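One file, work33.txt, is given below (compact mmCIF, C-alpha atoms and all ligand atoms).
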```txt
# COMPACT_ATOMS: atom_id res chain seq x y z
CA MET A 1 9.85 10.13 27.53
CA PRO A 2 9.63 10.96 23.82
CA LEU A 3 8.57 7.97 21.82
CA LEU A 4 9.50 6.67 18.39
CA VAL A 5 7.97 3.97 16.24
CA MET A 6 10.46 2.07 14.08
CA LYS A 7 9.18 -0.49 11.61
CA PHE A 8 11.42 -3.08 9.98
CA GLY A 9 10.21 -4.76 6.79
CA GLY A 10 10.90 -8.32 5.73
CA THR A 11 14.27 -7.73 4.09
CA SER A 12 15.46 -5.79 7.16
CA VAL A 13 14.85 -8.83 9.37
CA ALA A 14 15.62 -11.49 6.76
CA THR A 15 18.47 -13.11 8.74
CA LEU A 16 19.73 -13.10 12.32
CA ASP A 17 22.51 -10.82 11.18
CA ARG A 18 20.03 -8.35 9.70
CA ILE A 19 17.99 -8.49 12.90
CA ARG A 20 21.15 -7.62 14.85
CA ARG A 21 21.80 -4.65 12.60
CA ALA A 22 18.22 -3.46 13.01
CA ALA A 23 18.50 -3.91 16.77
CA LYS A 24 21.61 -1.72 16.78
CA ARG A 25 19.64 1.10 15.20
CA VAL A 26 16.99 0.68 17.85
CA GLY A 27 19.69 0.69 20.53
CA ARG A 28 20.98 4.01 19.21
CA GLU A 29 17.56 5.64 19.55
CA VAL A 30 17.23 4.27 23.07
CA ALA A 31 20.64 5.72 23.89
CA ALA A 32 19.42 9.03 22.48
CA GLY A 33 16.65 9.00 25.08
CA TYR A 34 13.66 7.51 23.31
CA ASP A 35 11.23 4.84 24.31
CA VAL A 36 10.79 2.81 21.16
CA ILE A 37 8.01 0.70 19.74
CA VAL A 38 9.44 -1.59 17.11
CA ILE A 39 7.07 -3.13 14.59
CA VAL A 40 8.41 -6.12 12.71
CA SER A 41 7.38 -7.93 9.55
CA ALA A 42 8.03 -11.59 8.94
CA MET A 43 11.42 -12.55 7.53
CA SER A 44 11.31 -11.87 3.80
CA GLY A 45 9.69 -14.64 1.79
CA GLU A 46 8.12 -16.12 4.91
CA THR A 47 4.59 -14.78 4.44
CA ASN A 48 4.57 -15.88 0.80
CA LYS A 49 5.59 -19.35 1.90
CA LEU A 50 2.81 -19.49 4.50
CA VAL A 51 0.21 -18.22 2.04
CA GLY A 52 1.38 -20.94 -0.34
CA PHE A 53 0.87 -23.61 2.34
CA VAL A 54 -2.67 -22.42 2.93
CA GLU A 55 -3.56 -22.30 -0.75
CA GLU A 56 -2.14 -25.73 -1.36
CA THR A 57 -4.07 -27.17 1.55
CA SER A 58 -7.41 -25.63 0.79
CA GLN A 59 -8.51 -23.77 -2.30
CA LEU A 60 -11.51 -22.06 -0.77
CA TYR A 61 -9.82 -21.67 2.57
CA ASP A 62 -11.42 -20.54 5.80
CA ALA A 63 -10.01 -17.03 6.28
CA ARG A 64 -9.78 -17.52 10.06
CA GLU A 65 -7.33 -20.37 9.57
CA TYR A 66 -5.49 -18.43 6.87
CA ASP A 67 -4.92 -15.75 9.51
CA ALA A 68 -3.81 -18.33 12.08
CA VAL A 69 -1.15 -19.54 9.65
CA VAL A 70 0.10 -16.38 7.95
CA SER A 71 0.35 -14.32 11.14
CA SER A 72 2.97 -16.70 12.51
CA GLY A 73 5.89 -15.18 10.59
CA GLU A 74 5.69 -11.98 12.63
CA GLN A 75 5.51 -13.91 15.89
CA VAL A 76 8.94 -15.36 15.14
CA THR A 77 10.63 -12.06 14.27
CA ALA A 78 9.09 -10.24 17.24
CA GLY A 79 10.55 -12.79 19.64
CA LEU A 80 13.92 -12.83 17.91
CA MET A 81 14.14 -9.05 17.90
CA ALA A 82 13.32 -8.86 21.61
CA LEU A 83 15.96 -11.52 22.35
CA THR A 84 18.55 -9.70 20.25
CA LEU A 85 17.89 -6.44 22.09
CA GLN A 86 18.12 -8.22 25.45
CA GLU A 87 21.49 -9.61 24.38
CA MET A 88 22.56 -6.00 23.83
CA ASP A 89 21.37 -5.13 27.35
CA VAL A 90 18.41 -3.16 26.06
CA PRO A 91 15.31 -3.98 28.14
CA ALA A 92 12.87 -5.28 25.54
CA ARG A 93 9.73 -7.39 25.42
CA SER A 94 7.75 -8.82 22.50
CA TRP A 95 4.00 -8.43 22.00
CA GLN A 96 1.69 -10.33 19.73
CA GLY A 97 -1.25 -8.43 18.32
CA TRP A 98 -3.70 -10.08 20.72
CA GLN A 99 -1.52 -9.27 23.73
CA VAL A 100 -1.60 -5.51 23.14
CA PRO A 101 -4.49 -6.04 22.28
CA LEU A 102 -4.67 -4.55 18.80
CA LYS A 103 -8.40 -4.79 18.14
CA THR A 104 -9.62 -5.13 14.58
CA THR A 105 -12.78 -5.71 12.60
CA ASN A 106 -13.83 -9.24 11.85
CA ALA A 107 -12.79 -9.11 8.18
CA HIS A 108 -10.28 -11.95 8.34
CA ALA A 109 -7.31 -11.54 5.97
CA ALA A 110 -8.27 -7.91 5.38
CA ALA A 111 -9.10 -6.61 8.83
CA ARG A 112 -9.06 -2.94 9.77
CA ILE A 113 -7.69 -1.65 13.03
CA GLU A 114 -10.36 -0.40 15.42
CA GLU A 115 -8.49 0.33 18.60
CA ILE A 116 -5.05 0.15 20.19
CA PRO A 117 -5.23 0.53 23.97
CA THR A 118 -1.93 1.96 25.17
CA ASP A 119 -2.11 1.06 28.88
CA ASN A 120 -0.44 -2.38 28.80
CA ILE A 121 2.61 -1.21 26.92
CA MET A 122 2.81 2.13 28.74
CA ALA A 123 2.77 0.30 32.07
CA LYS A 124 5.81 -1.71 30.96
CA PHE A 125 7.61 1.42 29.80
CA SER A 126 7.08 2.95 33.22
CA GLU A 127 8.57 -0.18 34.79
CA GLY A 128 11.77 0.38 32.82
CA MET A 129 11.18 -1.49 29.59
CA LYS A 130 12.81 0.51 26.79
CA VAL A 131 11.56 -1.26 23.70
CA ALA A 132 8.24 -2.92 22.94
CA VAL A 133 8.63 -5.17 19.93
CA VAL A 134 5.24 -5.69 18.35
CA ALA A 135 4.39 -8.26 15.70
CA GLY A 136 3.11 -6.32 12.70
CA PHE A 137 0.26 -7.29 10.40
CA GLN A 138 -1.86 -8.99 13.05
CA GLY A 139 -4.54 -8.26 15.62
CA ILE A 140 -7.52 -9.79 17.32
CA GLY A 141 -11.08 -9.69 16.00
CA PRO A 142 -14.38 -9.42 17.86
CA ASP A 143 -14.65 -13.20 17.52
CA GLY A 144 -11.55 -13.51 19.72
CA ARG A 145 -9.49 -14.95 16.90
CA ILE A 146 -6.29 -13.72 15.26
CA THR A 147 -6.82 -11.43 12.28
CA THR A 148 -4.40 -10.05 9.68
CA LEU A 149 -4.47 -6.68 7.98
CA GLY A 150 -3.84 -7.63 4.35
CA ARG A 151 -0.49 -7.94 2.60
CA GLY A 152 1.93 -5.22 3.57
CA GLY A 153 -0.11 -4.66 6.72
CA SER A 154 2.83 -4.10 9.05
CA ASP A 155 3.15 -0.58 7.64
CA THR A 156 -0.36 0.08 8.85
CA THR A 157 0.40 -1.44 12.24
CA ALA A 158 3.34 0.96 12.53
CA VAL A 159 1.39 4.08 11.64
CA ALA A 160 -1.51 3.09 13.87
CA PHE A 161 0.87 2.67 16.82
CA ALA A 162 2.49 6.01 16.07
CA ALA A 163 -0.95 7.63 16.14
CA ALA A 164 -2.15 5.82 19.26
CA PHE A 165 1.03 6.52 21.24
CA GLU A 166 1.49 10.02 19.80
CA ALA A 167 4.98 9.13 18.62
CA GLU A 168 7.32 11.88 17.57
CA ARG A 169 7.84 10.07 14.25
CA CYS A 170 7.24 6.80 12.51
CA ASP A 171 10.30 5.49 10.67
CA ILE A 172 9.72 2.75 8.14
CA TYR A 173 12.93 0.85 7.43
CA THR A 174 12.90 -1.01 4.15
CA ASP A 175 15.21 -2.08 1.33
CA VAL A 176 14.88 1.14 -0.65
CA ASP A 177 16.22 4.44 0.59
CA GLY A 178 13.05 6.40 0.05
CA VAL A 179 10.20 7.20 -2.29
CA TYR A 180 11.20 7.77 -5.89
CA THR A 181 9.67 9.79 -8.71
CA THR A 182 9.07 6.43 -10.37
CA ASP A 183 10.23 2.83 -10.14
CA PRO A 184 14.06 3.01 -10.45
CA ARG A 185 14.01 -0.36 -12.20
CA ILE A 186 12.14 1.26 -15.08
CA THR A 187 14.37 4.29 -15.49
CA GLY A 188 17.78 5.13 -14.11
CA LYS A 189 16.64 8.75 -14.06
CA ALA A 190 14.24 8.09 -11.18
CA ARG A 191 15.05 10.50 -8.36
CA LYS A 192 14.57 10.09 -4.65
CA LEU A 193 12.13 12.63 -3.24
CA GLU A 194 13.10 14.46 -0.09
CA LYS A 195 9.48 15.10 0.82
CA ILE A 196 6.15 14.05 -0.55
CA ALA A 197 2.65 15.08 0.53
CA PHE A 198 0.35 12.51 2.12
CA GLU A 199 -2.11 12.84 -0.72
CA GLU A 200 0.49 12.25 -3.40
CA MET A 201 1.86 9.26 -1.54
CA LEU A 202 -1.65 7.94 -1.17
CA GLU A 203 -2.15 8.06 -4.91
CA LEU A 204 1.23 6.52 -5.62
CA ALA A 205 0.69 3.75 -3.07
CA SER A 206 -2.74 2.87 -4.38
CA LEU A 207 -1.37 2.99 -7.93
CA GLY A 208 1.07 0.23 -7.22
CA ALA A 209 4.17 1.91 -5.79
CA LYS A 210 4.98 -0.89 -3.39
CA VAL A 211 6.85 1.11 -0.75
CA LEU A 212 3.95 1.45 1.69
CA GLN A 213 0.59 -0.18 2.20
CA THR A 214 -2.05 2.30 1.03
CA ARG A 215 -3.98 2.04 4.26
CA SER A 216 -0.93 3.14 6.25
CA VAL A 217 -0.71 6.37 4.26
CA GLU A 218 -4.43 7.01 4.78
CA LEU A 219 -3.95 6.65 8.51
CA ALA A 220 -0.85 8.84 8.56
CA MET A 221 -2.77 11.54 6.72
CA ARG A 222 -5.76 11.32 9.03
CA TYR A 223 -3.70 11.52 12.22
CA ASN A 224 -0.92 13.67 10.79
CA VAL A 225 1.79 11.15 11.63
CA ARG A 226 5.22 12.22 10.38
CA LEU A 227 6.22 9.24 8.35
CA ARG A 228 9.71 8.58 7.09
CA VAL A 229 10.75 5.86 4.66
CA LEU A 230 14.40 4.91 4.76
CA SER A 231 16.79 2.07 4.08
CA SER A 232 18.06 -0.25 6.76
CA PHE A 233 20.86 -1.25 4.41
CA GLU A 234 22.79 2.00 4.55
CA GLU A 235 24.20 4.08 7.30
CA GLN A 236 22.41 7.34 7.13
CA SER A 237 21.89 10.71 8.69
CA ASP A 238 18.77 11.87 10.42
CA GLU A 239 17.60 13.65 7.28
CA ALA A 240 17.84 10.52 5.16
CA GLY A 241 15.03 8.87 3.31
CA THR A 242 11.78 10.49 2.26
CA LEU A 243 9.53 12.37 4.64
CA ILE A 244 5.83 11.94 3.97
CA CYS A 245 4.11 14.95 5.44
CA ALA A 246 1.30 17.46 5.21
CA GLU A 247 1.02 19.62 2.13
CA GLU A 248 1.75 22.76 4.19
CA ASP A 249 5.22 21.43 4.95
CA ILE A 250 6.11 21.42 1.28
CA VAL A 251 7.01 24.86 0.05
CA GLU A 252 6.61 24.56 -3.66
CA SER A 253 5.38 21.65 -5.67
CA LYS A 254 5.84 20.83 -9.32
CA ALA A 255 2.76 19.94 -11.34
CA VAL A 256 3.87 16.33 -11.42
CA ASN A 257 5.92 14.65 -8.71
CA GLY A 258 5.64 11.03 -9.66
CA VAL A 259 4.79 8.55 -12.40
CA ALA A 260 3.28 5.23 -11.37
CA ALA A 261 2.71 2.09 -13.37
CA SER A 262 0.56 -0.84 -12.47
CA ARG A 263 0.80 -3.91 -14.64
CA GLU A 264 -1.82 -5.87 -12.76
CA GLU A 265 -4.79 -4.17 -14.41
CA ALA A 266 -7.58 -5.47 -16.57
CA LYS A 267 -10.09 -3.62 -18.69
CA MET A 268 -13.60 -5.02 -18.71
CA THR A 269 -16.35 -3.95 -21.06
CA LEU A 270 -20.01 -4.80 -20.85
CA ILE A 271 -21.33 -4.69 -24.38
CA SER A 272 -24.81 -3.36 -24.98
CA VAL A 273 -26.39 -2.56 -21.65
CA ALA A 274 -29.60 -0.55 -21.43
CA ASP A 275 -28.99 3.18 -21.04
CA ARG A 276 -31.47 4.06 -18.32
CA PRO A 277 -31.47 5.29 -14.73
CA GLY A 278 -30.18 2.71 -12.28
CA ILE A 279 -28.02 0.80 -14.70
CA ALA A 280 -24.70 1.86 -13.23
CA ALA A 281 -25.97 0.93 -9.78
CA ALA A 282 -27.11 -2.45 -11.13
CA ILE A 283 -23.57 -3.10 -12.40
CA PHE A 284 -21.33 -1.62 -9.73
CA GLY A 285 -23.41 -2.57 -6.71
CA PRO A 286 -22.97 -6.32 -7.25
CA LEU A 287 -19.32 -5.81 -8.21
CA SER A 288 -18.62 -4.06 -4.96
CA GLU A 289 -20.49 -6.72 -3.00
CA ALA A 290 -18.33 -9.33 -4.72
CA GLY A 291 -15.24 -7.47 -3.50
CA VAL A 292 -14.13 -6.22 -6.90
CA ASN A 293 -12.06 -3.04 -6.66
CA VAL A 294 -13.27 -1.04 -9.60
CA ASP A 295 -11.09 1.92 -10.48
CA MET A 296 -11.71 3.70 -13.78
CA ILE A 297 -15.22 3.79 -15.23
CA VAL A 298 -16.24 4.96 -18.66
CA GLN A 299 -19.73 4.92 -20.08
CA ASN A 300 -19.70 5.15 -23.85
CA ILE A 301 -22.09 7.14 -26.00
CA SER A 302 -25.41 5.39 -26.38
CA GLU A 303 -27.19 4.32 -29.51
CA GLU A 304 -30.85 3.31 -29.62
CA GLY A 305 -31.00 3.19 -25.86
CA ARG A 306 -28.05 0.80 -25.47
CA THR A 307 -24.52 1.62 -24.42
CA ASP A 308 -21.20 -0.02 -23.50
CA MET A 309 -19.80 0.28 -20.00
CA THR A 310 -16.06 -0.05 -19.44
CA PHE A 311 -14.23 -0.30 -16.15
CA SER A 312 -10.85 -1.37 -14.85
CA CYS A 313 -10.07 -3.68 -11.95
CA PRO A 314 -7.11 -5.72 -10.71
CA ILE A 315 -6.35 -8.58 -13.05
CA ASN A 316 -6.80 -11.24 -10.37
CA GLN A 317 -10.40 -10.08 -9.84
CA VAL A 318 -11.54 -10.60 -13.42
CA ALA A 319 -13.05 -14.03 -12.77
CA ARG A 320 -14.86 -12.74 -9.71
CA ALA A 321 -16.20 -9.75 -11.67
CA GLU A 322 -17.43 -11.95 -14.49
CA LYS A 323 -19.18 -14.26 -12.09
CA ALA A 324 -20.88 -11.40 -10.25
CA LEU A 325 -22.10 -9.87 -13.50
CA ASN A 326 -23.30 -13.15 -14.98
CA ASP A 327 -25.10 -14.00 -11.75
CA ILE A 328 -27.00 -10.74 -11.75
CA LYS A 329 -27.82 -11.21 -15.44
CA GLU A 330 -29.23 -14.66 -14.73
CA LYS A 331 -31.40 -13.26 -11.98
CA GLY A 332 -32.74 -10.71 -14.43
CA GLY A 333 -31.18 -7.74 -12.66
CA LEU A 334 -29.11 -6.70 -15.64
CA ASN A 335 -29.07 -7.25 -19.35
CA PHE A 336 -25.97 -7.17 -21.58
CA ARG A 337 -24.78 -8.92 -24.70
CA GLU A 338 -21.33 -9.99 -23.56
CA ILE A 339 -18.41 -9.20 -21.30
CA VAL A 340 -15.08 -8.51 -22.96
CA ALA A 341 -12.04 -8.71 -20.68
CA ASP A 342 -8.76 -7.22 -21.87
CA THR A 343 -6.10 -8.55 -19.51
CA ASP A 344 -3.21 -7.11 -21.47
CA VAL A 345 -3.22 -3.56 -20.17
CA ALA A 346 -1.27 -1.43 -17.73
CA LYS A 347 -2.32 1.67 -15.89
CA ILE A 348 0.08 4.62 -16.11
CA SER A 349 -0.53 7.63 -13.89
CA VAL A 350 1.04 10.99 -13.24
CA VAL A 351 0.54 12.42 -9.77
CA GLY A 352 1.13 15.84 -8.23
CA ILE A 353 -0.60 18.26 -5.89
CA GLY A 354 0.71 21.08 -8.08
CA MET A 355 -1.81 19.95 -10.70
CA ARG A 356 -4.51 21.76 -8.80
CA SER A 357 -3.06 25.09 -9.74
CA GLN A 358 -1.31 24.35 -13.03
CA SER A 359 -3.09 23.61 -16.27
CA GLY A 360 -1.99 21.68 -19.33
CA VAL A 361 -0.82 18.56 -17.52
CA ALA A 362 -3.30 16.27 -19.26
CA ALA A 363 -2.53 17.72 -22.67
CA LYS A 364 1.18 17.23 -22.10
CA MET A 365 0.68 13.65 -20.96
CA PHE A 366 -1.43 12.74 -23.99
CA LYS A 367 0.96 14.43 -26.42
CA THR A 368 3.93 12.60 -24.89
CA LEU A 369 2.23 9.24 -25.27
CA SER A 370 1.12 9.97 -28.80
CA ASP A 371 4.67 10.99 -29.77
CA GLU A 372 5.73 7.49 -28.72
CA GLY A 373 2.92 5.94 -30.75
CA ILE A 374 1.17 4.64 -27.64
CA ASN A 375 -2.59 4.32 -27.90
CA ILE A 376 -4.65 5.37 -24.89
CA LYS A 377 -7.55 3.03 -24.11
CA VAL A 378 -9.17 4.62 -21.09
CA ILE A 379 -8.59 7.93 -19.30
CA ALA A 380 -9.53 8.92 -15.77
CA THR A 381 -8.60 11.99 -13.78
CA SER A 382 -8.83 13.31 -10.25
CA GLU A 383 -7.72 16.59 -8.79
CA ILE A 384 -4.11 15.46 -8.42
CA LYS A 385 -3.85 12.52 -10.81
CA ILE A 386 -4.29 11.52 -14.42
CA SER A 387 -4.40 7.83 -15.26
CA VAL A 388 -4.52 6.06 -18.58
CA LEU A 389 -4.77 2.44 -19.62
CA VAL A 390 -2.38 1.37 -22.38
CA ASP A 391 -1.18 -1.93 -23.81
CA ARG A 392 0.99 -3.58 -21.19
CA LYS A 393 3.98 -3.92 -23.50
CA TYR A 394 4.33 -0.12 -23.48
CA THR A 395 4.63 0.19 -19.68
CA GLU A 396 8.35 1.01 -19.55
CA LEU A 397 8.28 3.21 -22.62
CA ALA A 398 5.35 5.23 -21.29
CA VAL A 399 6.91 5.71 -17.87
CA GLN A 400 10.28 6.75 -19.32
CA ALA A 401 8.72 9.20 -21.77
CA LEU A 402 6.54 10.81 -19.10
CA HIS A 403 9.39 10.98 -16.61
CA ASP A 404 11.39 12.88 -19.24
CA ALA A 405 8.52 15.09 -20.37
CA PHE A 406 7.77 16.30 -16.85
CA GLU A 407 11.50 16.62 -16.07
CA LEU A 408 11.22 14.56 -12.93
CA GLU A 409 14.96 13.90 -12.79
CA LYS A 410 15.35 17.56 -11.77
CA ALA A 411 14.56 18.60 -8.23
N1 LIG B 501 4.48 -10.07 6.35
C1 LIG B 501 3.32 -9.49 5.80
C2 LIG B 501 3.40 -9.48 4.28
O1 LIG B 501 4.37 -9.95 3.73
C3 LIG B 501 3.04 -8.13 6.31
C4 LIG B 501 4.13 -7.14 6.09
O2 LIG B 501 5.28 -7.49 5.94
O3 LIG B 501 3.86 -5.95 6.07
O4 LIG B 501 2.50 -9.03 3.63
MG MG B 502 6.06 -3.87 2.83
```

Give the structure from this file in structure tokens form.
Amino acid sequence: MPLLVMKFGGTSVATLDRIRRAAKRVGREVAAGYDVIVIVSAMSGETNKLVGFVEETSQLYDAREYDAVVSSGEQVTAGLMALTLQEMDVPARSWQGWQVPLKTTNAHAAARIEEIPTDNIMAKFSEGMKVAVVAGFQGIGPDGRITTLGRGGSDTTAVAFAAAFEAERCDIYTDVDGVYTTDPRITGKARKLEKIAFEEMLELASLGAKVLQTRSVELAMRYNVRLRVLSSFEEQSDEAGTLICAEEDIVESKAVNGVAASREEAKMTLISVADRPGIAAAIFGPLSEAGVNVDMIVQNISEEGRTDMTFSCPINQVARAEKALNDIKEKGGLNFREIVADTDVAKISVVGIGMRSQSGVAAKMFKTLSDEGINIKVIATSEIKISVLVDRKYTELAVQALHDAFELEKA
């Protein structure tokens, strides 16, 4: 039997009525001859509520108990989806992560998937079960306890199942009808992309496009899973949504295919650190150990053997970064005059695989921003991306101007 993975996000299972509509879509694929693995999120708002309970109960919570609480939302929707399918005479059964068992690392609240044995579920398919409904976002760690995969983790569950079961496709049903050139709330000119390369999607996801968890795109790229993002709110054809696929499947690519904005950035500067071998390691080693996700890094020109080091990180990690740096200073591992945190910035990025072969993209980006009077604070580039930090109040303006400059409204 050909096999499909269909994942339904929180808004697509937000009510019993929405669950019924999702189940109908599943029923159609079963009627078309597929065995289906359905991955469900918690009803929308549910995970936030559970996280809130945990944080209110315990500030420095035990991550194992956090996982015990926040994984429960998916347990509910998995059972309800299986019941709904049964009501429609579709043979279905629900599976919790531990029942599969979806084995993960021990990193509670941010676990990574290690293995998905297929035998349990395959055995049920061969007994006539048509749909396995699996609770997304959760697994079981080597300590035998429930783990979760980080916020948005059900996307990763879905892609991992598609890879493990060699599914024909992995369809991600959500409340948007695909991947857009930029956030449609920022500009009405945002255009839905028919196809996007794994690498571009990876950049956009990690830059804050909230459609897919970054990790899920990484996995899809590694295992070449054909991934489709589409809306569960509209009736649509088989070609609907956006296909995320290998670069070879995209005939011609513009220099820039998307503009991303992340408002949750902070710019940190260490003033007056010694400019000598080992200093970057002395700074970024402890930051990484403290779990700070450093993105852009700039080392300024040095004067009399001292320099300033600037980096960006998510705004909610500023306190953690400051603590890690002050700790290492106290221990004598690093010397600096002060830390200056600018929490009023946004990161704006242009992304496109076409950048590899076309020049002038950076120049055009900088000129566009300067024409709008927007000052650039930090610049970083990769092969297929250029990112800048600007004052947060310019986020919309910068995105709109760049979207126009690179003519992203045109296919
Ligand atoms: N329910 C989890 C969350 O809200 C996982 C998911 O929906 O992907 O993050
Ligand atoms: Mg999501």

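Minimum atom-to-atom distances from A:Thr118, A:Ser232, A:Thr181, A:Ser272 to Ile19 in chain A were compared using only C-alpha atoms, and the lowest value belongs to A:Ser232.
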
Expected residue set, 9 Å radius at (-16.5, -7.0, -7.1), only C-alpha atoms, as JSON, numbers by chain: {"A": [284, 285, 286, 287, 288, 289, 290, 291, 292, 293, 294, 313, 317, 318, 320, 321, 322, 324, 325]}

All residues 7 Å or closer to range 379-390 of chain A, all atoms listed in the file, same chain fewer than 2 positions away omitted, as a list in words: Met296, Val345, Ala346, Lys347, Ile348, Ser349, Val350, Val351, Gly352, Ile353, Met355, Arg356, Ala362, Asn375, Ile376, Lys377, Arg392 and Tyr394 of chain A

Sorted per-residue table, range 133-178 of chain A near range 27-34 of chain A, closest atoms and distance, 12 Å, only C-alpha atoms, as CSV:
```
residue,atom,partner,partner_atom,distance
A:Ala167,CA,A:Tyr34,CA,10.0
A:Glu168,CA,A:Tyr34,CA,9.6
A:Arg169,CA,A:Tyr34,CA,11.1
A:Asp171,CA,A:Glu29,CA,11.5
```

Can I get the selected residues back with C-alpha atoms, as a compact mmCIF listing (two decimals), in the coordinates of the input?
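Result saved to result_3.txt:
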```
# COMPACT_ATOMS: atom_id res chain seq x y z
CA ALA A 167 4.98 9.13 18.62
CA GLU A 168 7.32 11.88 17.57
CA ARG A 169 7.84 10.07 14.25
CA ASP A 171 10.30 5.49 10.67
```

Selected residue of minimal separation from Glu46 in chain A among A:Ser216, A:Thr15, A:Asn106, A:Ser312, counting only C-alpha atoms: A:Thr15

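Distances from A:Arg145, A:Lys130, A:Lys329, A:Lys410 to Gly97 in chain A were compared using only C-alpha atoms, and the smallest one belongs to A:Arg145.
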
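Taking CA of Leu85 in chain A and CA of Val131 in chain A as endpoints, the distance between them is 8.3 Å.
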
Neighbour list for range 205-209 of chain A as an NGL selection string, cut-off 9 Å, only C-alpha atoms, skip fewer than 5 positions in-chain: :A and (179 or 182-183 or 200 or 214-215 or 217 or 260-264 or 347-349)

Residues of chain A that approach ligand MG 502 (chain B) to 9 Å or less, counting all atoms listed in the file: could you list each one with the shortest pair of atoms and its distance in Å to one decimal, rows by chain and increasing residue number, as JSON lines?
```
{"residue": "A:Phe8", "atom": "CA", "partner": "B:MG502", "partner_atom": "MG", "distance": 9.0}
{"residue": "A:Gly9", "atom": "CA", "partner": "B:MG502", "partner_atom": "MG", "distance": 5.8}
{"residue": "A:Gly10", "atom": "CA", "partner": "B:MG502", "partner_atom": "MG", "distance": 7.2}
{"residue": "A:Ser41", "atom": "CA", "partner": "B:MG502", "partner_atom": "MG", "distance": 8.0}
{"residue": "A:Arg151", "atom": "CA", "partner": "B:MG502", "partner_atom": "MG", "distance": 7.7}
{"residue": "A:Gly152", "atom": "CA", "partner": "B:MG502", "partner_atom": "MG", "distance": 4.4}
{"residue": "A:Gly153", "atom": "CA", "partner": "B:MG502", "partner_atom": "MG", "distance": 7.3}
{"residue": "A:Ser154", "atom": "CA", "partner": "B:MG502", "partner_atom": "MG", "distance": 7.0}
{"residue": "A:Asp155", "atom": "CA", "partner": "B:MG502", "partner_atom": "MG", "distance": 6.5}
{"residue": "A:Thr174", "atom": "CA", "partner": "B:MG502", "partner_atom": "MG", "distance": 7.5}
{"residue": "A:Lys210", "atom": "CA", "partner": "B:MG502", "partner_atom": "MG", "distance": 7.0}
{"residue": "A:Val211", "atom": "CA", "partner": "B:MG502", "partner_atom": "MG", "distance": 6.2}
{"residue": "A:Leu212", "atom": "CA", "partner": "B:MG502", "partner_atom": "MG", "distance": 5.8}
{"residue": "A:Gln213", "atom": "CA", "partner": "B:MG502", "partner_atom": "MG", "distance": 6.6}
```

Could those selected residues go to a file with C-alpha atoms, as a CSV table (one decimal), in the coordinates of the input?
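Ended up saving to part.csv:
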```
chain,number,residue,atom,x,y,z
A,8,PHE,CA,11.4,-3.1,10.0
A,9,GLY,CA,10.2,-4.8,6.8
A,10,GLY,CA,10.9,-8.3,5.7
A,41,SER,CA,7.4,-7.9,9.6
A,151,ARG,CA,-0.5,-7.9,2.6
A,152,GLY,CA,1.9,-5.2,3.6
A,153,GLY,CA,-0.1,-4.7,6.7
A,154,SER,CA,2.8,-4.1,9.0
A,155,ASP,CA,3.2,-0.6,7.6
A,174,THR,CA,12.9,-1.0,4.2
A,210,LYS,CA,5.0,-0.9,-3.4
A,211,VAL,CA,6.8,1.1,-0.8
A,212,LEU,CA,4.0,1.4,1.7
A,213,GLN,CA,0.6,-0.2,2.2
```
